[in-house]
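Structure below is structure-v5.cif: mmCIF, C-alpha atoms.
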data_coords
#
loop_
_atom_site.label_atom_id
_atom_site.label_comp_id
_atom_site.auth_asym_id
_atom_site.auth_seq_id
_atom_site.Cartn_x
_atom_site.Cartn_y
_atom_site.Cartn_z
CA MET V 856 -10.85 18.88 4.23
CA VAL V 857 -9.34 22.04 2.77
CA GLU V 858 -7.65 22.49 -0.57
CA ASP V 859 -4.14 22.45 0.93
CA GLU V 860 -4.81 18.97 2.24
CA ILE V 861 -6.14 17.85 -1.16
CA GLU V 862 -2.76 18.95 -2.53
CA VAL V 863 -1.19 16.31 -0.24
CA PHE V 864 -3.15 13.59 -2.07
CA ILE V 865 -2.17 14.99 -5.47
CA GLN V 866 1.50 14.79 -4.43
CA CYS V 867 0.93 11.18 -3.33
CA LEU V 868 -0.59 10.40 -6.76
CA GLU V 869 2.36 11.95 -8.58
CA ASN V 870 4.85 10.07 -6.39
CA TYR V 871 3.04 6.74 -6.83
CA PHE V 872 3.01 6.86 -10.62
CA SER V 873 6.57 8.21 -10.86
CA LYS V 874 7.66 4.88 -9.30
CA ARG V 875 5.69 2.79 -11.79
CA SER V 876 6.98 4.15 -15.12
CA ASN V 877 8.59 7.13 -16.80
CA GLU V 878 5.18 8.13 -18.11
CA LYS V 879 3.90 10.95 -15.88
CA ILE V 880 0.28 11.09 -14.79
CA VAL V 881 -1.84 13.99 -15.94
CA VAL V 882 -3.81 15.33 -12.98
CA GLU V 883 -6.86 17.19 -14.22
CA THR V 884 -8.62 19.99 -12.34
CA PRO V 885 -10.14 18.72 -9.07
CA TYR V 886 -13.82 19.47 -8.49
CA LEU V 887 -16.46 19.05 -5.80
CA THR V 888 -19.13 16.38 -6.05
CA ASP V 889 -22.22 15.30 -4.12
CA ASN V 890 -22.84 12.16 -6.19
CA ILE V 891 -20.17 9.49 -6.26
CA THR V 892 -22.05 6.96 -8.37
CA ARG V 893 -21.39 9.10 -11.46
CA ILE V 894 -17.66 8.83 -10.85
CA LEU V 895 -17.26 5.14 -10.01
CA SER V 896 -15.47 3.13 -12.68
CA ASP V 897 -14.92 -0.64 -13.16
CA PHE V 898 -13.17 -1.15 -9.81
CA THR V 899 -13.01 1.01 -6.67
CA GLY V 900 -10.83 0.69 -3.58
CA VAL V 901 -12.34 2.31 -0.48
CA ILE V 902 -10.34 3.25 2.61
CA THR V 903 -12.30 4.22 5.73
CA ILE V 904 -10.74 7.05 7.73
CA SER V 905 -10.95 7.39 11.51
CA GLY V 906 -8.95 8.97 14.34
CA ALA V 907 -8.76 12.77 14.06
CA TYR V 908 -10.72 12.59 10.79
CA ARG V 909 -13.85 10.81 9.57
CA GLY V 910 -14.87 9.66 6.11
CA CYS V 911 -13.54 7.72 3.13
CA VAL V 912 -10.92 7.95 0.41
CA TYR V 913 -11.74 6.18 -2.86
CA PHE V 914 -9.60 5.27 -5.85
CA THR V 915 -11.59 4.20 -8.90
CA ALA V 916 -10.24 3.02 -12.25
CA GLN V 917 -11.02 1.30 -15.52
CA THR V 918 -9.90 -2.28 -16.10
CA THR V 919 -7.31 -1.22 -18.70
CA PHE V 920 -5.82 1.30 -16.28
CA LEU V 921 -5.36 -1.48 -13.70
CA GLU V 922 -3.91 -3.85 -16.29
CA ASN V 923 -1.26 -1.21 -17.00
CA ILE V 924 -0.48 -0.96 -13.27
CA ILE V 925 -0.19 -4.74 -12.95
CA ALA V 926 2.05 -4.87 -16.01
CA ALA V 927 4.22 -2.14 -14.45
CA HIS V 928 4.69 -4.53 -11.50
CA GLY V 929 6.08 -7.04 -14.01
CA GLN V 930 3.02 -9.28 -14.08
CA ARG V 931 0.72 -10.58 -16.79
CA ASN V 932 -2.09 -12.09 -14.71
CA PHE V 933 -5.12 -9.84 -15.25
CA SER V 934 -7.72 -11.98 -13.47
CA ILE V 935 -10.58 -10.32 -11.58
CA GLU V 936 -8.90 -11.23 -8.28
CA ILE V 937 -5.66 -9.55 -9.31
CA LEU V 938 -7.50 -6.46 -10.60
CA LYS V 939 -9.24 -6.21 -7.20
CA ASP V 940 -5.93 -6.71 -5.44
CA ALA V 941 -4.37 -3.91 -7.50
CA ILE V 942 -7.11 -1.36 -6.85
CA GLY V 943 -7.01 -2.12 -3.11
CA GLU V 944 -3.23 -1.79 -3.00
CA ILE V 945 -3.29 1.55 -4.86
CA ALA V 946 -5.96 2.97 -2.52
CA ASN V 947 -4.03 1.73 0.51
CA THR V 948 -0.70 3.10 -0.70
CA LEU V 949 -1.99 6.55 -1.67
CA THR V 950 -3.91 6.98 1.59
CA GLY V 951 -1.08 5.59 3.72
CA ASN V 952 1.43 7.93 2.08
CA SER V 953 -0.74 10.94 2.95
CA ARG V 954 -0.01 10.30 6.65
CA LYS V 955 3.49 11.69 6.11
CA LYS V 956 1.81 15.12 5.98
CA LEU V 957 -1.52 14.50 7.73
CA GLY V 958 -0.02 12.61 10.68
CA ASN V 959 -0.65 9.25 12.29
CA ASN V 960 -4.05 10.40 13.64
CA PHE V 961 -5.23 10.02 10.05
CA VAL V 962 -6.09 6.38 10.73
CA ILE V 963 -6.75 4.17 7.72
CA SER V 964 -8.57 0.86 7.34
CA VAL V 965 -7.62 -2.08 5.17
CA PRO V 966 -9.10 -1.56 1.68
CA ASN V 967 -12.63 -2.56 0.78
CA VAL V 968 -12.93 -3.32 -2.95
CA ILE V 969 -16.05 -2.81 -5.04
CA GLN V 970 -16.55 -4.00 -8.61
CA GLY V 971 -18.79 -1.83 -10.81
CA ASN V 972 -21.06 0.88 -9.50
CA ALA V 973 -24.16 -1.07 -8.55
CA ARG V 974 -23.45 -0.76 -4.86
CA ILE V 975 -24.00 2.75 -3.59
CA ILE V 976 -21.23 4.13 -1.41
CA GLU V 977 -22.33 7.19 0.50
CA LEU V 978 -20.11 10.25 0.64
CA THR V 979 -19.40 11.60 4.11
CA ASP V 980 -22.13 13.88 5.51
CA GLY V 981 -20.87 17.43 5.87
CA ALA V 982 -17.64 16.87 3.95
CA HIS V 983 -16.54 18.80 0.89
CA SER V 984 -15.99 15.77 -1.33
CA PHE V 985 -13.23 16.38 -3.89
CA VAL V 986 -12.72 14.41 -7.09
CA VAL V 987 -9.18 14.36 -8.49
CA PRO V 988 -9.42 13.02 -12.07
CA LEU V 989 -6.26 11.72 -13.71
CA LYS V 990 -4.95 10.03 -16.80
CA TRP V 991 -2.01 7.64 -17.06
CA LEU V 992 -0.90 5.93 -20.27
CA GLY V 993 -4.06 7.31 -21.87
CA GLN V 994 -6.41 5.63 -19.36
CA SER V 995 -8.66 7.36 -16.82
CA ALA V 996 -8.97 6.99 -13.07
CA ALA V 997 -10.00 9.22 -10.19
CA MET V 998 -9.32 9.71 -6.52
CA VAL V 999 -12.21 10.91 -4.36
CA VAL V 1000 -11.51 12.41 -0.93
CA SER V 1001 -14.56 12.71 1.30
CA VAL V 1002 -13.15 13.41 4.74
CA ILE V 1003 -13.90 15.87 7.58
CA ASP V 1004 -12.38 16.56 11.00
CA ALA V 1005 -13.81 14.18 13.59
CA MET H 1415 22.21 -18.62 0.11
CA LYS H 1416 19.55 -17.35 2.48
CA THR H 1417 15.80 -17.62 2.93
CA ILE H 1418 13.30 -14.78 2.83
CA LEU H 1419 9.72 -14.54 4.09
CA ILE H 1420 7.56 -11.99 2.21
CA VAL H 1421 4.62 -10.78 4.29
CA ASP H 1422 2.01 -8.73 2.43
CA ASP H 1423 -1.74 -9.07 1.85
CA SER H 1424 -1.36 -7.88 -1.76
CA GLU H 1425 -0.55 -10.54 -4.32
CA ILE H 1426 0.93 -8.06 -6.81
CA ILE H 1427 3.36 -6.83 -4.15
CA ARG H 1428 4.29 -10.38 -3.06
CA THR H 1429 4.92 -11.35 -6.67
CA GLN H 1430 6.95 -8.18 -7.33
CA ILE H 1431 9.21 -8.84 -4.33
CA ARG H 1432 9.53 -12.55 -5.12
CA HIS H 1433 10.48 -11.77 -8.73
CA CYS H 1434 13.13 -9.31 -7.51
CA PHE H 1435 14.86 -11.88 -5.28
CA LYS H 1436 14.47 -15.20 -7.05
CA LYS H 1437 18.20 -15.28 -7.86
CA ILE H 1438 19.37 -14.04 -4.46
CA PHE H 1439 17.51 -16.25 -1.99
CA SER H 1440 17.50 -20.02 -2.06
CA GLY H 1441 14.15 -20.22 -0.28
CA ILE H 1442 11.33 -17.72 -0.86
CA HIS H 1443 8.25 -18.04 1.35
CA VAL H 1444 5.15 -15.86 1.43
CA ALA H 1445 2.46 -15.01 3.99
CA LYS H 1446 -0.81 -13.16 3.31
CA ASN H 1447 -1.41 -11.90 6.84
CA GLY H 1448 0.27 -11.47 10.20
CA GLN H 1449 -0.92 -14.72 11.75
CA ASP H 1450 0.25 -16.74 8.76
CA ALA H 1451 3.61 -14.92 8.97
CA VAL H 1452 4.10 -15.67 12.68
CA ASN H 1453 3.37 -19.37 12.04
CA LYS H 1454 5.93 -19.41 9.22
CA VAL H 1455 8.60 -17.70 11.30
CA ARG H 1456 8.19 -20.46 13.91
CA ALA H 1457 8.41 -23.17 11.24
CA ILE H 1458 11.02 -21.76 8.83
CA LYS H 1459 13.17 -19.28 10.79
CA PRO H 1460 13.83 -17.13 7.67
CA ASP H 1461 17.02 -15.07 7.42
CA ILE H 1462 15.18 -11.95 6.20
CA ILE H 1463 11.54 -10.91 6.54
CA THR H 1464 9.81 -8.18 4.51
CA MET H 1465 6.79 -6.92 6.42
CA ASP H 1466 3.73 -4.94 5.35
CA LEU H 1467 1.94 -3.09 8.17
CA THR H 1468 -1.68 -2.73 7.04
CA MET H 1469 -3.05 -6.26 6.88
CA PRO H 1470 -6.22 -8.07 7.95
CA GLU H 1471 -6.35 -10.44 10.95
CA MET H 1472 -3.08 -9.31 12.54
CA ASP H 1473 -1.42 -6.01 11.58
CA GLY H 1474 2.29 -5.69 10.93
CA ILE H 1475 3.15 -3.93 14.20
CA ARG H 1476 1.69 -6.74 16.31
CA CYS H 1477 3.30 -9.23 13.98
CA ILE H 1478 6.76 -7.69 14.54
CA GLN H 1479 6.22 -7.89 18.32
CA GLU H 1480 5.36 -11.60 18.10
CA MET H 1481 8.22 -12.36 15.73
CA MET H 1482 10.75 -10.67 18.02
CA GLU H 1483 9.45 -12.79 20.91
CA ILE H 1484 9.90 -15.97 18.83
CA ASP H 1485 13.33 -14.95 17.52
CA PRO H 1486 14.89 -11.71 18.83
CA LYS H 1487 17.47 -11.92 16.02
CA SER H 1488 14.81 -11.68 13.27
CA LYS H 1489 15.91 -9.36 10.45
CA ILE H 1490 12.79 -7.44 9.48
CA LEU H 1491 12.48 -4.89 6.68
CA VAL H 1492 9.17 -3.04 6.92
CA ILE H 1493 7.73 -2.22 3.49
CA SER H 1494 4.71 -0.02 4.02
CA ALA H 1495 2.70 2.91 2.73
CA LEU H 1496 2.36 4.13 6.35
CA SER H 1497 5.39 6.34 6.01
CA ASP H 1498 4.71 8.83 8.80
CA ASN H 1499 7.54 9.27 11.30
CA ALA H 1500 5.62 7.90 14.30
CA THR H 1501 4.84 4.59 12.58
CA CYS H 1502 8.38 4.25 11.27
CA ILE H 1503 9.92 4.89 14.72
CA ARG H 1504 7.48 2.49 16.38
CA ALA H 1505 8.39 -0.32 13.98
CA LEU H 1506 12.12 0.29 14.46
CA LYS H 1507 11.80 0.43 18.26
CA LEU H 1508 10.04 -2.93 18.21
CA GLY H 1509 13.03 -4.45 16.44
CA ALA H 1510 12.63 -3.91 12.69
CA GLN H 1511 16.01 -3.15 11.07
CA GLY H 1512 14.81 -1.14 8.10
CA PHE H 1513 11.88 0.75 6.63
CA LEU H 1514 11.09 1.10 2.91
CA ASP H 1515 8.22 3.30 1.74
CA LYS H 1516 5.63 2.01 -0.70
CA PRO H 1517 5.61 2.61 -3.59
CA PHE H 1518 9.15 1.40 -4.24
CA THR H 1519 11.27 0.68 -7.28
CA GLU H 1520 13.12 -2.60 -7.77
CA GLU H 1521 16.41 -0.77 -7.22
CA GLU H 1522 15.25 0.72 -3.90
CA LEU H 1523 14.11 -2.71 -2.72
CA LYS H 1524 17.39 -4.40 -3.67
CA ASN H 1525 19.40 -1.65 -1.96
CA ALA H 1526 17.37 -2.01 1.24
CA ILE H 1527 17.85 -5.78 1.32
CA ASP H 1528 21.57 -5.46 0.45
CA ILE H 1529 22.07 -3.21 3.49
CA MET H 1530 20.43 -5.82 5.73
CA ILE H 1531 22.48 -8.67 4.27
CA GLU H 1532 25.72 -6.66 4.59
CA GLY H 1533 24.84 -5.88 8.22
CA ASP H 1534 24.37 -9.59 8.77
CA THR H 1535 27.80 -10.48 7.42
CA ALA H 1536 29.75 -7.54 8.94
#

If you took the structure in this file and wrote it as structure tokens, what would it be?
Amino acid sequence: MVEDEIEVFIQCLENYFSKRSNEKIVVETPYLTDNITRILSDFTGVITISGAYRGCVYFTAQTTFLENIIAAHGQRNFSIEILKDAIGEIANTLTGNSRKKLGNNFVISVPNVIQGNARIIELTDGAHSFVVPLKWLGQSAAMVVSVIDA
Amino acid sequence: MKTILIVDDSEIIRTQIRHCFKKIFSGIHVAKNGQDAVNKVRAIKPDIITMDLTMPEMDGIRCIQEMMEIDPKSKILVISALSDNATCIRALKLGAQGFLDKPFTEEELKNAIDIMIEGDTA
């Protein structure tokens, strides 16, 4: 995936957080990675991509980051199940929104949620895997795009 | 007062929508997947349905098809992150009356539902 397409995901991130609060996200400089386990945080939502593309999109965040998201939805239940629900919904929404630019042949799965980083998730062979780090309300998260043309 | 069926596999989204409409609808029902939603449409016949598209077991598009077969007058507002034109047009052609992109604000959601209710009473 080329840098112009990564810009699509950054726009989706900015749009998502603009709807949650007046506090803007700070998107830090994206970089390439070949080792995702270093990046994984407390919870990770994984969307598998198929159709005209192949690979995965990940959204990974600290517990406090997710608690802020849940609170922004007007809720105070921060159970593990709700934290998992939140990370899956964010990953799904960001990836789904990218289809507005990438088209409906960017086919997305339902989210798979992983807690912690014990389970290794392989990056896509042959893909330039981009990490987009961000901060919102002082808490860190990252989006990882590891996708190539099918 | 009307009834609403909220169809979404995400609990935070179901709760957000329910919270938004607790003073507007007399009956608020929820479904976590398409099959559950179809069963509830048969049993409840809700006035308004909010419908996610990406769900396990039965996706929203198939769910809309089945709901329209059960009740061709179903009022369905699709609320989805799949905001590409092709998906939006497909949902509308199948019988959905509206499409709201995720993420949404409370105001956007209320406006979308107001339009459907006004259309119902016009």

Using all atoms listed in the file, select each residue of chain H with any atom at most 10 Å away from an atom of chain V, and give the selection as a ChimeraX atom specification.
-> /H:1423-1427,1429-1431,1433-1434,1468-1470,1473,1494-1501,1515-1520

Find the residues near range 999-1003 of chain V: any atom within 8 Å, counting all atoms listed in the file, skip ones fewer than 5 places away on the same chain, and give them as a VMD selection string.
-> chain V and resid 856 861 904 908 to 914 978 to 979 981 to 987

Could you pull the residues within 9 Å of Glu977 in chain V, counting only C-alpha atoms, minus those fewer than 4 positions along the same chain, as a PyMOL selection string?
-> chain V and resi 890-892

Name the residues in contact with Gly993 in chain V at a cut-off of 12 Å, using only C-alpha atoms, excluding same-chain residues fewer than 2 positions from it; report them as a PyMOL selection string.
-> chain V and resi 878-882+917+919-920+923+989-991+995-996

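Between CA of Thr899 in chain V and CA of Phe1513 in chain H lies a distance of 28.2 Å.
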
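From CA of Gln970 in chain V back to CA of Ser896 in chain V, the distance works out to 8.3 Å.
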
Coordinates-based distance that separates CA of Asn1447 in chain H from CA of Asn960 in chain V (Å, one decimal) = 23.5 Å

Taking the file as shown, find all residues satisfying the PyMOL selection byres ((chain H and resi 1463) around 10) and write them as a VMD selection string.
-> chain H and resid 1417 to 1421 1443 to 1444 1451 1455 1459 to 1462 1464 to 1466 1478 1481 1488 to 1493 1510 1527

Nearest to Ile1458 in chain H by atom-to-atom distance, counting all atoms listed in the file, from H:Cys1477, H:Ile1484, H:Ile1438, H:Ala1526 = H:Ile1484

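Residue nearest Ala1505 in chain H within the list H:Arg1476, H:Lys1454, H:Arg1428, H:Lys1487: H:Arg1476 [criterion: smallest interatomic distance, all atoms listed in the file].
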